[in-house]
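The structure appears right after this line, and notes come after that.
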Amino acid sequence: MKRRHFLGLLGAAGVTLGSGATAKAASLGDVKGLPNAGGVLFDASRCIGCRKCEAACNQVNDLPKPAKAFDDLTVLDATRRTDGKTYTIVNKYVPDAGKPPVFRKIQCNHCMEPACASACFVAAFKKSETGAVVYDPDVCVGCRYCMVACPFNIPAYEYDKAFTPRVMKCTMCQPRLLEGKLPGCVEACPKEALVFGKRRELLNLAWDRIGGNPGRYVEHVYGEREMGGTSWLTIAPKPSFAAIGMDENLGTTSAPELTSGALAAVPAVAGIWPVLLTGLYAISKRKEKIAESEKQAAVAAAIAKASADAEAKLAEELAKAEVAGKRRIEVEVKKALEAAAKAGEEGEDA
Ligand code: SF4
Ligand code: SF4
Ligand code: SF4
């Protein structure tokens with residue numbers, strides 16, 4: 001094992017591992033901090049876009065083979081996101097024309113106070129003391145609020161599985177961590193662009209690299225404070241995180257803080273959907289640009305549907321009224337004809 005791949009072995013560092021060590025998500029308990037939590041530092045200035053991390057992730061998690069082999073680097077020509085069959089991907093960016101590209105690995109950031117957990121009313125997501133945000137498919141009801149809530153657009157859904165669909169995302173290789181192993185991607189990276197260790201030691205390493213290479217890095221550790229902090233940290237070469245597709249406007253307030261007013265009112269067995277929706281709305285305000293356009297589209301779609309429904313109903317009622325009207329006329333005509341016939345018969349009799 002390469003030393004720089006693995007800072008501060010978790011077991012030796014006093015992190016409590018094991019199934020009983022899972023801390024409740026911040027939405028449902030006070031877990032602010034987890035000072036000994038593990039994490040990963042990704043240094044985008046070292047990444048060469050080789051996709052070895054993607055291949056390792058696929059292998060250790062026993063995921064389906066991709067359409068294009070992992071040694072096919074032409075996939076880097078398109079911007080990709082994680083999906084139900086892929087926990088991590090690497091994208092290519094060209095911040096400065098004429099200069100070499102910069103590569104960024106994307107996976108769950110394992111937030112210190114995860115928005116996915118805040119939005120999940122059956123507590124299918126939990127922040128573990130290993131640093132991993134873990135998901136329990138057995139309690140998941142498939143509402144997919146976690147997908148809406150995540151400020152990093154990470155959780156994906158197995159839409160193709162009709163009976164047992166799951167929310168899919170990077171697990172930080174929790175099963176491997178519990179065995180004292182490194183996450184698969186960290187172990188596989190040939191450039192040591194990924195380092196696993198205790199979060200606070202990773203922060204020191206990140207700032208050492210930034211300070212020790214003047215002018216090379218953006219002077220910021222992404223994830224130190226974003227959304228209340230994440231266990232997966234990123235440092236990047238200049239000019240900016242935005243240049244490699246990272247949202248620089250997420251702010252530092254954690255999802256549970258954003259939703260505390262709404263979520264505090266939710267009883268242990270949640271059944272108050274409007275309250276949850278209010279909380280979810282507060283979280284999704286973070287994704288304002290997307291949320292705003294989605295909201296407008298949703299409102300427009302709802303109005304269009306309501307008006308189409310109303311028109312259809314009206315047409316249906318008019319058609320019914322027309323049929324009823326015709327029927328009434330027919331009945332009246334029939335009655336009149338019968339009356340006339342009867343009158344005729346009576347006249348003849350007289
Ligand atoms: S990045 Fe998204 S899915 Fe991962 S822990 Fe944070 S909120 Fe949850
Ligand atoms: S930590 Fe594990 S699950 Fe997450 S991206 Fe790396 S290999 Fe995949
Ligand atoms: S294995 Fe390392 S160098 Fe290769 S793409 Fe992944 S993070 Fe980058």
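Chain identifiers are assigned as A, B, and so on, following the order in which chains appear in the structure tokens; residues are numbered from 1 within each chain, and ligands are numbered from 1 in order of appearance.
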Counting only C-alpha atoms, what is within 7 Å of stretch 247-251 of chain A, bar same-chain residues fewer than 3 positions away, as a ChimeraX atom specification?
-> /A:226-227,241-242,286
Once DSSP has gone over the backbone, tell me which residues of stretch 31-267 of chain A are in strand (DSSP E or B), as a PyMOL selection string.
-> chain A and resi 38-43+83+86+89-93+102-106+111+125-128+133-135+156-157+167-168+194-198+217+222+230+232-235+237
Given 7 Å and only C-alpha atoms and all ligand atoms, residues near ligand 3 as a list in words | Arg46, Cys47, Ile48, Gly49, Cys50, Arg51, Lys52, Cys53, Glu54, Val90, Phe103, Lys105, Cys185, Ala188, Cys189, Pro190, Lys191, Glu192, Ala193 and Leu194 of chain A
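The nearest approach to ligand 1 among the residues A:Val141, A:Gln59, A:Gly38, A:Cys150, with only C-alpha atoms and all ligand atoms taken into account, belongs to A:Cys150.
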Looking only at alpha helix (DSSP H) from DSSP on the backbone, list the matching residues of stretch 105-242 of chain A as a PyMOL selection string.
-> chain A and resi 115-119+145-149+174-178+184-188+199-212
Leaving out stretch 211-223 of chain A and any residue of its chain fewer than 2 positions from it, which residues lie within 10 Å of it when counting only C-alpha atoms, given as a ChimeraX atom specification?
-> /A:41-45,109-112,203,205-209,225-241,246-248,252
Can you tell me which residues come within 8 Å of ligand 1 when counting only C-alpha atoms and all ligand atoms, ideally as a list in words?
-> Gln107, Cys108, Asn109, His110, Cys111, Met112, Glu113, Pro114, Ala115, Cys116, Ala117, Phe125, Lys127, Ala132, Val133, Cys146, Met147, Ala149, Cys150, Pro151, Phe152, Asn153, Ile154, Pro155, Lys169, Cys170 and Thr230 of chain A
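Going from atom CA of A:Leu202 to atom CA of A:Leu34 covers 14.3 Å.
Counting from atom CA of A:Pro64, the distance to atom CA of A:Lys85 is 6.2 Å.
What separates atom CA of A:Arg104 from atom CA of A:Asn91 is a distance of 5.4 Å.
Nearest residue to ligand 2 among A:Thr79, A:Gln174, A:Thr164, A:Ser118 is A:Gln174, counting only C-alpha atoms and all ligand atoms.
Minimum distance to ligand 2 across A:Lys335, A:Lys65, A:Lys126, A:Lys181 (counting only C-alpha atoms and all ligand atoms) occurs at A:Lys181.
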